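One file, input08.txt, is given below (compact mmCIF, C-alpha atoms and all ligand atoms).
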# COMPACT_ATOMS: atom_id res chain seq x y z
CA MET A 1 -21.93 4.00 27.79
CA LYS A 2 -19.36 5.18 30.30
CA LYS A 3 -17.98 8.70 30.27
CA ILE A 4 -14.33 9.24 29.35
CA LEU A 5 -11.71 10.72 31.69
CA LEU A 6 -9.14 11.58 29.01
CA GLY A 7 -9.97 14.98 27.61
CA LEU A 8 -11.06 16.41 30.98
CA SER A 9 -9.05 19.19 32.59
CA ASP A 10 -7.70 19.30 36.12
CA ASP A 11 -10.60 21.50 37.17
CA GLU A 12 -13.20 19.20 35.64
CA LEU A 13 -11.62 16.21 37.39
CA LYS A 14 -11.67 18.11 40.69
CA LEU A 15 -15.41 18.71 40.23
CA ILE A 16 -15.93 15.00 39.64
CA ALA A 17 -14.04 14.23 42.86
CA ALA A 18 -16.23 16.74 44.70
CA GLU A 19 -19.33 15.06 43.27
CA ALA A 20 -18.12 11.82 44.81
CA GLY A 21 -17.66 13.58 48.15
CA GLU A 22 -13.87 13.56 47.86
CA LYS A 23 -11.38 16.38 48.35
CA GLY A 24 -10.33 18.30 45.22
CA TYR A 25 -6.77 16.93 45.27
CA ARG A 26 -8.19 13.51 44.40
CA GLY A 27 -9.15 15.01 41.04
CA LYS A 28 -5.57 16.14 40.51
CA GLN A 29 -4.47 12.62 41.42
CA VAL A 30 -6.71 11.22 38.66
CA ALA A 31 -5.15 13.71 36.21
CA ASP A 32 -1.67 12.55 37.25
CA LEU A 33 -2.67 8.94 36.70
CA VAL A 34 -4.27 9.26 33.27
CA TYR A 35 -2.03 11.93 31.75
CA ARG A 36 1.34 11.34 33.37
CA HIS A 37 1.47 7.76 34.65
CA GLY A 38 -0.08 5.97 31.69
CA CYS A 39 -2.88 4.49 33.78
CA LYS A 40 -5.29 2.72 31.43
CA GLU A 41 -8.11 1.56 33.70
CA VAL A 42 -9.93 2.96 36.69
CA ALA A 43 -9.53 -0.42 38.42
CA ALA A 44 -5.73 0.05 38.29
CA MET A 45 -5.85 3.39 40.17
CA SER A 46 -4.64 1.67 43.31
CA ASN A 47 -3.57 4.84 45.11
CA LEU A 48 -7.13 6.16 45.14
CA PRO A 49 -9.35 5.22 48.10
CA ALA A 50 -11.30 2.05 47.23
CA LYS A 51 -14.63 3.81 47.69
CA PHE A 52 -13.78 6.61 45.24
CA ARG A 53 -12.26 4.12 42.79
CA SER A 54 -15.42 2.03 42.65
CA TRP A 55 -17.63 5.15 42.44
CA LEU A 56 -15.50 6.40 39.54
CA GLY A 57 -15.47 3.00 37.81
CA GLN A 58 -19.26 2.86 37.67
CA ASP A 59 -19.60 5.87 35.39
CA TYR A 60 -16.17 6.51 33.94
CA GLU A 61 -13.42 4.83 31.97
CA VAL A 62 -9.98 6.18 31.06
CA GLY A 63 -10.63 6.07 27.30
CA ARG A 64 -7.54 4.46 25.82
CA SER A 65 -7.53 3.00 22.30
CA GLN A 66 -6.52 -0.46 21.13
CA ILE A 67 -3.37 -0.83 19.04
CA VAL A 68 -4.32 -2.75 15.89
CA LYS A 69 -0.95 -2.68 14.19
CA THR A 70 2.50 -1.10 14.55
CA ARG A 71 4.76 -0.60 11.54
CA ARG A 72 8.32 0.42 12.05
CA GLY A 73 10.25 2.36 9.39
CA LYS A 74 14.00 2.15 9.04
CA ASP A 75 14.56 5.81 9.85
CA MET A 76 13.44 6.04 13.51
CA THR A 77 9.83 6.40 12.44
CA PHE A 78 6.83 4.25 13.21
CA LYS A 79 3.17 4.32 12.56
CA VAL A 80 0.41 2.88 14.69
CA LEU A 81 -3.03 1.93 13.51
CA LEU A 82 -5.38 2.52 16.43
CA SER A 83 -8.96 1.69 17.15
CA PRO A 84 -10.36 4.44 19.39
CA ALA A 85 -13.78 2.77 19.36
CA PHE A 86 -15.19 -0.41 17.89
CA GLY A 87 -15.03 -0.35 14.08
CA ASP A 88 -13.06 2.90 13.81
CA LEU A 89 -9.48 3.00 12.61
CA ILE A 90 -7.13 5.95 12.78
CA GLU A 91 -3.40 6.44 12.34
CA SER A 92 -0.72 8.16 14.38
CA VAL A 93 2.98 8.48 13.66
CA GLY A 94 6.04 8.76 15.92
CA MET A 95 9.29 10.30 14.69
CA ALA A 96 12.51 10.38 16.68
CA TYR A 97 15.05 13.11 16.00
CA GLU A 98 18.29 13.87 17.80
CA ASP A 99 16.81 16.66 19.87
CA ARG A 100 13.09 15.90 19.98
CA PHE A 101 10.37 13.33 19.58
CA SER A 102 7.44 14.25 17.41
CA CYS A 103 3.98 12.71 17.24
CA CYS A 104 1.57 13.19 14.34
CA VAL A 105 -2.09 12.87 15.35
CA SER A 106 -5.39 12.37 13.54
CA THR A 107 -8.42 14.53 14.37
CA GLN A 108 -11.18 12.72 12.49
CA VAL A 109 -12.02 9.18 11.39
CA GLY A 110 -11.68 9.83 7.66
CA CYS A 111 -12.03 13.28 6.09
CA ALA A 112 -14.77 15.07 4.19
CA ILE A 113 -12.53 17.27 2.04
CA GLY A 114 -11.46 14.59 -0.44
CA CYS A 115 -8.13 15.98 -1.69
CA SER A 116 -7.36 14.13 -4.88
CA PHE A 117 -3.92 12.85 -3.83
CA CYS A 118 -4.74 11.88 -0.22
CA ALA A 119 -5.54 8.38 1.01
CA THR A 120 -7.66 9.64 3.92
CA GLY A 121 -9.88 11.71 1.65
CA ALA A 122 -10.51 8.68 -0.57
CA GLY A 123 -12.30 6.86 2.24
CA GLY A 124 -14.80 9.64 3.06
CA PHE A 125 -15.74 11.00 6.47
CA LYS A 126 -16.98 8.95 9.40
CA ARG A 127 -16.83 11.04 12.58
CA ASN A 128 -14.96 13.62 14.60
CA LEU A 129 -12.57 12.43 17.28
CA ALA A 130 -13.06 13.67 20.84
CA ALA A 131 -10.27 15.61 22.58
CA GLY A 132 -9.46 12.55 24.71
CA GLU A 133 -9.05 10.43 21.58
CA ILE A 134 -6.48 12.92 20.28
CA ILE A 135 -4.59 12.93 23.61
CA ASP A 136 -4.71 9.11 23.67
CA GLN A 137 -2.72 9.05 20.42
CA VAL A 138 0.09 11.10 21.97
CA LEU A 139 0.17 8.86 25.05
CA THR A 140 0.12 5.68 22.94
CA VAL A 141 2.82 6.89 20.56
CA GLY A 142 5.00 7.81 23.57
CA GLU A 143 4.53 4.34 25.06
CA VAL A 144 5.28 2.57 21.76
CA ALA A 145 8.38 4.76 21.33
CA VAL A 146 9.69 3.62 24.73
CA ARG A 147 8.90 -0.01 23.91
CA GLU A 148 10.67 0.31 20.55
CA LYS A 149 13.62 1.98 22.29
CA MET A 150 13.22 5.17 20.29
CA LEU A 151 12.74 7.01 23.59
CA PRO A 152 14.41 6.28 26.94
CA PRO A 153 12.05 4.95 29.67
CA ASP A 154 11.67 8.45 31.10
CA GLY A 155 11.53 10.09 27.64
CA ARG A 156 8.48 11.86 26.32
CA VAL A 157 6.85 13.25 23.24
CA SER A 158 8.08 16.83 22.88
CA HIS A 159 6.32 17.95 19.68
CA VAL A 160 2.83 17.29 18.32
CA VAL A 161 1.74 17.94 14.74
CA PHE A 162 -1.94 17.78 13.75
CA MET A 163 -1.20 16.33 10.32
CA GLY A 164 -2.73 12.87 10.46
CA MET A 165 -6.15 11.93 9.22
CA GLY A 166 -8.85 14.58 9.08
CA GLU A 167 -9.20 18.35 9.05
CA PRO A 168 -8.48 19.76 12.53
CA LEU A 169 -10.30 23.06 12.03
CA MET A 170 -13.49 21.24 11.02
CA ASN A 171 -13.31 19.55 14.42
CA TYR A 172 -12.51 22.81 16.13
CA ASP A 173 -13.61 22.31 19.74
CA ALA A 174 -11.94 18.93 20.21
CA THR A 175 -8.77 20.19 18.52
CA LEU A 176 -8.59 23.25 20.73
CA THR A 177 -9.31 21.31 23.93
CA ALA A 178 -6.64 18.77 22.96
CA VAL A 179 -4.10 21.53 22.23
CA LYS A 180 -4.72 23.12 25.63
CA LEU A 181 -4.49 19.80 27.49
CA LEU A 182 -1.33 18.76 25.65
CA ASN A 183 0.12 21.99 26.94
CA SER A 184 -1.22 21.97 30.50
CA GLU A 185 -1.28 18.24 31.31
CA LEU A 186 1.43 16.75 29.08
CA ASN A 187 3.68 19.80 29.34
CA ILE A 188 4.18 20.12 25.58
CA GLY A 189 5.16 23.69 24.73
CA MET A 190 2.62 25.61 22.62
CA ARG A 191 5.42 26.49 20.23
CA ASN A 192 6.02 22.77 19.75
CA ILE A 193 2.48 22.21 18.52
CA THR A 194 1.57 22.59 14.83
CA VAL A 195 -1.97 22.53 13.48
CA SER A 196 -2.25 21.88 9.75
CA THR A 197 -5.38 22.98 7.89
CA ILE A 198 -6.46 22.52 4.30
CA GLY A 199 -7.56 26.15 4.47
CA TYR A 200 -10.88 26.25 6.29
CA VAL A 201 -10.92 30.04 6.48
CA PRO A 202 -13.50 30.59 9.29
CA GLY A 203 -11.50 28.17 11.45
CA ILE A 204 -8.29 30.13 10.83
CA TYR A 205 -9.91 33.39 12.00
CA ARG A 206 -11.35 31.65 15.03
CA LEU A 207 -7.98 30.15 15.94
CA ALA A 208 -6.22 33.50 15.46
CA ALA A 209 -8.58 35.02 18.05
CA GLU A 210 -7.37 32.48 20.65
CA HIS A 211 -3.94 34.15 20.54
CA LEU A 212 -2.06 30.91 21.12
CA GLN A 213 1.62 30.49 20.34
CA LEU A 214 1.13 27.36 18.25
CA THR A 215 2.23 27.11 14.62
CA LEU A 216 -0.42 27.22 11.95
CA ALA A 217 0.30 25.40 8.69
CA ILE A 218 -1.96 26.08 5.72
CA SER A 219 -1.96 23.53 2.89
CA LEU A 220 -1.92 25.39 -0.45
CA HIS A 221 -0.79 22.88 -3.12
CA ALA A 222 -1.39 25.28 -6.00
CA SER A 223 -0.79 28.88 -7.06
CA GLU A 224 -4.01 29.41 -9.01
CA ASP A 225 -7.58 28.72 -8.04
CA ALA A 226 -8.54 26.41 -10.91
CA LEU A 227 -5.81 23.89 -10.04
CA ARG A 228 -6.43 24.25 -6.32
CA ARG A 229 -10.12 23.45 -6.85
CA ARG A 230 -9.16 20.35 -8.80
CA LEU A 231 -6.74 19.12 -6.10
CA VAL A 232 -8.82 20.24 -3.11
CA PRO A 233 -12.44 19.99 -4.27
CA GLY A 234 -13.87 20.19 -0.75
CA MET A 235 -12.64 23.75 -0.12
CA SER A 236 -13.67 25.45 -3.37
CA ARG A 237 -15.54 28.16 -1.45
CA TYR A 238 -12.28 29.84 -0.50
CA SER A 239 -9.84 31.34 -3.00
CA LEU A 240 -6.08 31.37 -2.62
CA LYS A 241 -6.40 35.08 -1.95
CA ASP A 242 -8.74 34.31 0.99
CA LEU A 243 -6.25 31.77 2.34
CA ILE A 244 -3.28 34.08 2.14
CA GLU A 245 -5.26 36.89 3.72
CA ALA A 246 -6.21 34.52 6.56
CA GLY A 247 -2.52 33.61 6.98
CA ARG A 248 -1.59 37.30 7.18
CA HIS A 249 -4.31 37.83 9.76
CA TYR A 250 -3.05 34.90 11.83
CA PHE A 251 0.42 36.43 11.91
CA LYS A 252 -0.96 39.86 12.81
CA GLU A 253 -2.96 38.46 15.71
CA THR A 254 -0.43 36.01 17.14
CA GLY A 255 3.00 37.15 15.93
CA ARG A 256 3.55 33.57 14.76
CA ARG A 257 4.94 33.06 11.28
CA VAL A 258 2.60 30.89 9.22
CA THR A 259 3.79 27.85 7.27
CA PHE A 260 2.37 27.21 3.82
CA GLU A 261 2.46 23.57 2.84
CA TYR A 262 2.81 22.53 -0.76
CA CYS A 263 2.64 18.89 -1.77
CA LEU A 264 4.69 18.50 -4.96
CA LEU A 265 3.02 16.40 -7.66
CA MET A 266 5.02 15.63 -10.79
CA GLY A 267 3.73 17.39 -13.89
CA VAL A 268 0.75 18.81 -11.98
CA ASN A 269 1.93 21.64 -9.71
CA ASP A 270 5.74 21.59 -9.97
CA SER A 271 6.32 23.68 -13.09
CA GLN A 272 8.38 26.86 -13.51
CA SER A 273 5.30 28.97 -14.05
CA GLU A 274 3.60 27.47 -10.98
CA VAL A 275 6.51 28.33 -8.69
CA ALA A 276 6.90 31.80 -10.18
CA ARG A 277 3.23 32.50 -9.41
CA LEU A 278 3.59 31.05 -5.91
CA ALA A 279 6.60 33.26 -5.21
CA ALA A 280 4.64 36.30 -6.38
CA LEU A 281 1.65 35.36 -4.20
CA LEU A 282 3.75 34.95 -1.06
CA LYS A 283 6.23 37.77 -1.59
CA GLY A 284 6.50 40.06 1.40
CA ILE A 285 4.45 37.82 3.69
CA ASN A 286 6.08 36.69 6.91
CA CYS A 287 5.81 33.00 6.15
CA HIS A 288 7.68 29.86 5.43
CA VAL A 289 7.01 27.21 2.79
CA ASN A 290 7.17 23.50 3.55
CA LEU A 291 7.55 21.45 0.40
CA ILE A 292 6.23 17.92 0.73
CA PRO A 293 7.19 15.38 -1.92
CA LEU A 294 4.14 13.23 -2.64
CA ASN A 295 3.96 9.85 -0.98
CA PRO A 296 2.23 7.94 -3.78
CA VAL A 297 -1.14 6.44 -2.91
CA GLU A 298 -2.15 3.23 -4.62
CA GLY A 299 -4.90 3.62 -7.18
CA LYS A 300 -4.17 7.32 -7.72
CA ASN A 301 -2.29 8.61 -10.70
CA TYR A 302 -0.02 11.13 -9.02
CA LYS A 303 3.73 10.77 -8.88
CA PRO A 304 6.37 12.43 -6.68
CA PRO A 305 8.45 15.14 -8.36
CA ARG A 306 11.89 14.48 -9.82
CA ALA A 307 14.62 15.54 -7.39
CA ASP A 308 15.98 18.20 -9.78
CA GLN A 309 12.49 19.64 -10.31
CA ALA A 310 11.91 19.85 -6.55
CA ALA A 311 15.32 21.50 -6.09
CA GLU A 312 14.52 24.06 -8.79
CA PHE A 313 11.15 24.79 -7.19
CA ARG A 314 12.91 25.44 -3.93
CA ARG A 315 15.56 27.63 -5.56
CA VAL A 316 12.98 29.95 -7.11
CA LEU A 317 11.22 30.47 -3.77
CA GLU A 318 14.51 31.12 -1.99
CA ALA A 319 15.53 33.58 -4.68
CA ALA A 320 12.34 35.49 -3.77
CA ASP A 321 13.47 35.53 -0.11
CA ILE A 322 10.86 33.02 0.98
CA PRO A 323 12.27 30.57 3.54
CA VAL A 324 11.73 26.96 2.47
CA THR A 325 12.06 23.59 4.14
CA GLN A 326 11.54 20.29 2.46
CA ARG A 327 9.92 17.50 4.39
CA GLU A 328 12.14 14.45 4.40
CA GLN A 329 10.53 11.46 2.85
CA ARG A 330 10.54 9.81 6.23
CA GLY A 331 8.42 6.81 6.66
CA ALA A 332 7.66 6.23 2.98
CA GLY A 333 8.23 2.53 3.61
CA ILE A 334 5.57 2.45 6.31
CA GLU A 335 2.85 4.08 4.26
CA ALA A 336 3.32 7.12 6.45
CA ALA A 337 1.31 9.57 4.39
CA CYS A 338 -2.01 10.30 5.86
CA GLY A 339 -4.51 7.48 5.69
CA GLN A 340 -2.38 4.97 3.85
CA LEU A 341 -1.99 2.31 6.52
CA ARG A 342 -5.68 2.27 7.28
CA ARG A 343 -6.42 1.90 3.60
CA MET A 344 -4.20 -1.15 3.42
CA GLN A 345 -5.94 -2.67 6.40
CA ARG A 346 -9.24 -2.39 4.59
CA GLN A 347 -8.04 -4.21 1.50
N1 LIG B 401 -6.28 18.08 6.72
C1 LIG B 401 -5.12 18.81 7.06
C2 LIG B 401 -4.16 18.06 7.94
C3 LIG B 401 -3.92 16.62 7.60
S1 LIG B 401 -3.09 16.29 6.08
C4 LIG B 401 -4.43 19.30 5.81
O1 LIG B 401 -4.76 18.83 4.72
O2 LIG B 401 -3.58 20.17 5.93
C5 LIG B 401 -1.45 16.88 6.47
C6 LIG B 401 -0.56 17.09 5.27
O3 LIG B 401 -0.29 15.84 4.62
C7 LIG B 401 -1.18 18.02 4.24
O4 LIG B 401 -0.32 19.07 3.92
C8 LIG B 401 -1.39 17.10 3.07
O5 LIG B 401 -1.25 17.78 1.87
C9 LIG B 401 -0.31 16.06 3.23
N2 LIG B 401 -0.60 14.84 2.46
C10 LIG B 401 -1.79 14.22 2.28
N3 LIG B 401 -1.64 13.14 1.47
C11 LIG B 401 -0.34 13.09 1.14
C12 LIG B 401 0.45 12.20 0.33
N4 LIG B 401 -0.10 11.18 -0.29
N5 LIG B 401 1.76 12.45 0.23
C13 LIG B 401 2.34 13.50 0.86
N6 LIG B 401 1.66 14.37 1.64
C14 LIG B 401 0.34 14.16 1.77
FE1 LIG B 402 -8.47 15.74 4.39
FE2 LIG B 402 -6.03 16.91 4.68
FE3 LIG B 402 -6.33 14.53 3.34
FE4 LIG B 402 -7.25 16.80 2.27
S1 LIG B 402 -5.09 16.31 2.71
S2 LIG B 402 -8.35 14.83 2.35
S3 LIG B 402 -7.96 17.89 4.06
S4 LIG B 402 -6.71 14.92 5.50
Once you've parsed the file, please lay out its structure as structure tokens.
Ligand code: SAH
Ligand code: SF4
Amino acid sequence: MKKILLGLSDDELKLIAAEAGEKGYRGKQVADLVYRHGCKEVAAMSNLPAKFRSWLGQDYEVGRSQIVKTRRGKDMTFKVLLSPAFGDLIESVGMAYEDRFSCCVSTQVGCAIGCSFCATGAGGFKRNLAAGEIIDQVLTVGEVAVREKMLPPDGRVSHVVFMGMGEPLMNYDATLTAVKLLNSELNIGMRNITVSTIGYVPGIYRLAAEHLQLTLAISLHASEDALRRRLVPGMSRYSLKDLIEAGRHYFKETGRRVTFEYCLLMGVNDSQSEVARLAALLKGINCHVNLIPLNPVEGKNYKPPRADQAAEFRRVLEAADIPVTQREQRGAGIEAACGQLRRMQRQ
């Protein structure tokens, strides 16, 4: 098995060049090729000396995935189903806005947490992705966006959200390496990177200690523990109190306002009493709530909330001075919620 270049830093690539008896700047040249020029194979690195190229090609490959399927939505959104390695399928999403282009990446093949409304969770966990496999998704989504004319030829992905398949903080090292490389090699601002966690508390404390300027989003989905345990069975060890305390700590350490995500499920977690409790839980915390209307998953009994119910939910939070945004139902037509396209492929 060859080693993978994507996921290595400038310094690591310089060391590899040194190992081959080349000057350090050759390592930087490799970084330019794989991260900034979309080079997909060592054999295509024609500006490297032939000797170094063939040395490199013996042990290393770039590490790009295969595109299995691309689905375009009508609202400047697309989803790609990628195969990072034989037999593995993951999903990534591209979203064009007026002022930015955002890419949603997966961090694991499948997910072990098994949230009851999520398509990824339904398929179980297969493996962690490597940092290079996370970076590959951003490069691929950028290339597809140019091909689909959602980005100009010199355009680039400006924002990355870790909200695809898998739990980023349970694949901590690869997630952190990917975040740092997105920043240093792809020039994506730390503040334009969001990591979403289902609430793996030790991971939140560890991330807080890195003192990065990225945005942390914590998925809550309930305002009392019994319901949360039902919706998120794989994280029952941690109470809502633990999660909110971890969010407070993250803000204290980084100065970054935490986002709490709440996926609205009709008749399950969208009631008056639920939102009143949520408002009480979050009162006085420097946070922001992102309401996500459910994207229904086939074979599961959950339904999205009625528009008036979602509006009322929002109103109660705002009345308690909690800033709220509501995720647009972008990409519903392309099975854009996490894990849905892969699930279809399996059927
Ligand atoms: N594992 C992490 C990150 C990936 S999921 C987490 O759970 O936070 C990213 C977001 O997508 C989560 O907030 C999750 O609740 C939401 N999500 C999952 N399935 C969904 C669905 N069917 N419809 C709408 N949102 C969904
Ligand atoms: Fe995993 Fe997040 Fe889906 Fe839950 S919502 S199963 S944590 S990917």
Exercise. Counting only C-alpha atoms and all ligand atoms, what residues are within 7 Å of ligand LIG 401 (chain B), given as number ranges by chain?
Worked result: A: 117-119, 162-168, 196-198, 218-219, 261-263, 292-297, 337-338
Problem set entry | Residues near region 254-259 of chain A, cut-off 8 Å, all atoms listed in the file, skip fewer than 6 positions along chain, as number ranges by chain | A: 208, 211-218, 247-248, 286-290
Problem set entry | Nearby residues, (15.4, 25.2, -15.5) file frame, 9 Å, all atoms listed in the file, as a VMD selection string | chain A and resid 272 309 312
Emit the selected residues as a PDB file, in the frame of the given file, including C-alpha atoms.
ATOM      1  CA  GLN A 272       8.380  26.860 -13.510  1.00  0.00           C
ATOM      2  CA  GLN A 309      12.490  19.640 -10.310  1.00  0.00           C
ATOM      3  CA  GLU A 312      14.520  24.060  -8.790  1.00  0.00           C
TER       4      GLU A 312
END
Problem set entry | Spatial neighbours of Met1 (chain A), 10 Å, all atoms listed in the file, chain gap at least 5 places, as an MDAnalysis selection string | chainID A and resid 59:61
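For region 243-246 of chain A, the residues within 8 Å (counting only C-alpha atoms, excluding itself and residues fewer than 6 positions away along the chain) are A:Gly199, A:Val201, A:Ile204, A:Tyr205, A:Ile218, A:Leu282.
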Problem set entry | Non-local contacts of Ser65 (chain A) (7 Å; all atoms listed in the file; under 3 positions in same chain excluded) as a PyMOL selection string | chain A and resi 82-85+136
Take the selection from the previous step and output its residues with C-alpha atoms, as a tab-separated table (two decimals), keeping the file's coordinate frame.
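The new file selection.tsv reads:
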chain	number	residue	atom	x	y	z
A	82	LEU	CA	-5.38	2.52	16.43
A	83	SER	CA	-8.96	1.69	17.15
A	84	PRO	CA	-10.36	4.44	19.39
A	85	ALA	CA	-13.78	2.77	19.36
A	136	ASP	CA	-4.71	9.11	23.67
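Nearest residue to ligand LIG 402 (chain B), choosing from A:Arg156, A:Arg71, A:Arg229, A:Lys79 and counting only C-alpha atoms and all ligand atoms: A:Arg229.
In terms of minimum interatomic distance to Ser273 (chain A), A:Ala222 ranks closest within A:Met170, A:Ala222, A:Val157, A:Ile135, counting only C-alpha atoms.
Each of A:Val275, A:Leu139, A:Ala145, A:Leu227 was checked against Ile188 (chain A) using all atoms listed in the file; the smallest atom-to-atom distance is that of A:Leu139.
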Seminar exercise, completed: What separates CA of Phe101 (chain A) and CA of Arg191 (chain A) is a distance of 14.1 Å
Seminar exercise, completed: CA of Leu56 (chain A) sits from CA of Lys180 (chain A) at a separation of 24.3 Å
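Among the candidate residues A:Met95, A:Ala131, A:Ala20, A:Leu186, the one lying nearest to Val161 (chain A) is A:Met95, with distances computed using only C-alpha atoms.
Taking CA of Tyr97 (chain A) as the reference point, CA of Gly38 (chain A) is found at 22.9 Å.
Counting all atoms listed in the file and comparing A:Phe251, A:Phe125, A:Phe313, A:Tyr238, the residue that lies closest to ligand LIG 402 (chain B) is A:Phe125.
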Output as an mmCIF file, in the coordinates of the input: region 111-127 of chain A, completed with N, CA, C and O atoms.
data_model
loop_
_atom_site.group_PDB
_atom_site.id
_atom_site.type_symbol
_atom_site.label_atom_id
_atom_site.label_comp_id
_atom_site.auth_asym_id
_atom_site.auth_seq_id
_atom_site.Cartn_x
_atom_site.Cartn_y
_atom_site.Cartn_z
ATOM 1 N N CYS A 111 -12.058 11.834 6.344
ATOM 2 C CA CYS A 111 -12.030 13.280 6.090
ATOM 3 C C CYS A 111 -13.027 13.598 4.994
ATOM 4 O O CYS A 111 -13.168 12.836 4.034
ATOM 5 N N ALA A 112 -13.715 14.719 5.145
ATOM 6 C CA ALA A 112 -14.770 15.070 4.190
ATOM 7 C C ALA A 112 -14.251 15.873 2.996
ATOM 8 O O ALA A 112 -14.974 16.088 2.028
ATOM 9 N N ILE A 113 -12.998 16.323 3.059
ATOM 10 C CA ILE A 113 -12.530 17.270 2.040
ATOM 11 C C ILE A 113 -12.199 16.577 0.707
ATOM 12 O O ILE A 113 -12.397 17.143 -0.356
ATOM 13 N N GLY A 114 -11.670 15.373 0.789
ATOM 14 C CA GLY A 114 -11.460 14.590 -0.440
ATOM 15 C C GLY A 114 -10.382 15.119 -1.362
ATOM 16 O O GLY A 114 -10.578 15.144 -2.587
ATOM 17 N N CYS A 115 -9.232 15.535 -0.824
ATOM 18 C CA CYS A 115 -8.130 15.980 -1.690
ATOM 19 C C CYS A 115 -7.748 14.824 -2.622
ATOM 20 O O CYS A 115 -7.699 13.674 -2.195
ATOM 21 N N SER A 116 -7.440 15.184 -3.871
ATOM 22 C CA SER A 116 -7.360 14.130 -4.880
ATOM 23 C C SER A 116 -6.134 13.232 -4.737
ATOM 24 O O SER A 116 -6.102 12.161 -5.308
ATOM 25 N N PHE A 117 -5.137 13.656 -3.962
ATOM 26 C CA PHE A 117 -3.920 12.850 -3.830
ATOM 27 C C PHE A 117 -3.818 12.178 -2.457
ATOM 28 O O PHE A 117 -2.805 11.555 -2.138
ATOM 29 N N CYS A 118 -4.855 12.306 -1.622
ATOM 30 C CA CYS A 118 -4.740 11.880 -0.220
ATOM 31 C C CYS A 118 -5.531 10.608 0.040
ATOM 32 O O CYS A 118 -6.687 10.481 -0.367
ATOM 33 N N ALA A 119 -4.895 9.670 0.742
ATOM 34 C CA ALA A 119 -5.540 8.380 1.010
ATOM 35 C C ALA A 119 -6.699 8.532 1.988
ATOM 36 O O ALA A 119 -7.700 7.823 1.882
ATOM 37 N N THR A 120 -6.582 9.460 2.944
ATOM 38 C CA THR A 120 -7.660 9.640 3.920
ATOM 39 C C THR A 120 -8.926 10.119 3.210
ATOM 40 O O THR A 120 -10.028 9.612 3.447
ATOM 41 N N GLY A 121 -8.747 11.117 2.352
ATOM 42 C CA GLY A 121 -9.880 11.710 1.650
ATOM 43 C C GLY A 121 -10.635 10.665 0.834
ATOM 44 O O GLY A 121 -11.864 10.712 0.712
ATOM 45 N N ALA A 122 -9.890 9.690 0.290
ATOM 46 C CA ALA A 122 -10.510 8.680 -0.570
ATOM 47 C C ALA A 122 -11.552 7.846 0.166
ATOM 48 O O ALA A 122 -12.497 7.342 -0.427
ATOM 49 N N GLY A 123 -11.385 7.709 1.478
ATOM 50 C CA GLY A 123 -12.300 6.860 2.240
ATOM 51 C C GLY A 123 -13.538 7.576 2.775
ATOM 52 O O GLY A 123 -14.396 6.958 3.394
ATOM 53 N N GLY A 124 -13.649 8.890 2.548
ATOM 54 C CA GLY A 124 -14.800 9.640 3.060
ATOM 55 C C GLY A 124 -14.695 9.918 4.554
ATOM 56 O O GLY A 124 -13.705 9.570 5.200
ATOM 57 N N PHE A 125 -15.739 10.558 5.068
ATOM 58 C CA PHE A 125 -15.740 11.000 6.470
ATOM 59 C C PHE A 125 -16.613 10.087 7.306
ATOM 60 O O PHE A 125 -17.701 9.719 6.895
ATOM 61 N N LYS A 126 -16.124 9.725 8.504
ATOM 62 C CA LYS A 126 -16.980 8.950 9.400
ATOM 63 C C LYS A 126 -17.402 9.759 10.625
ATOM 64 O O LYS A 126 -18.575 9.955 10.858
ATOM 65 N N ARG A 127 -16.436 10.232 11.407
ATOM 66 C CA ARG A 127 -16.830 11.040 12.580
ATOM 67 C C ARG A 127 -15.652 11.866 13.090
ATOM 68 O O ARG A 127 -14.496 11.600 12.755
#
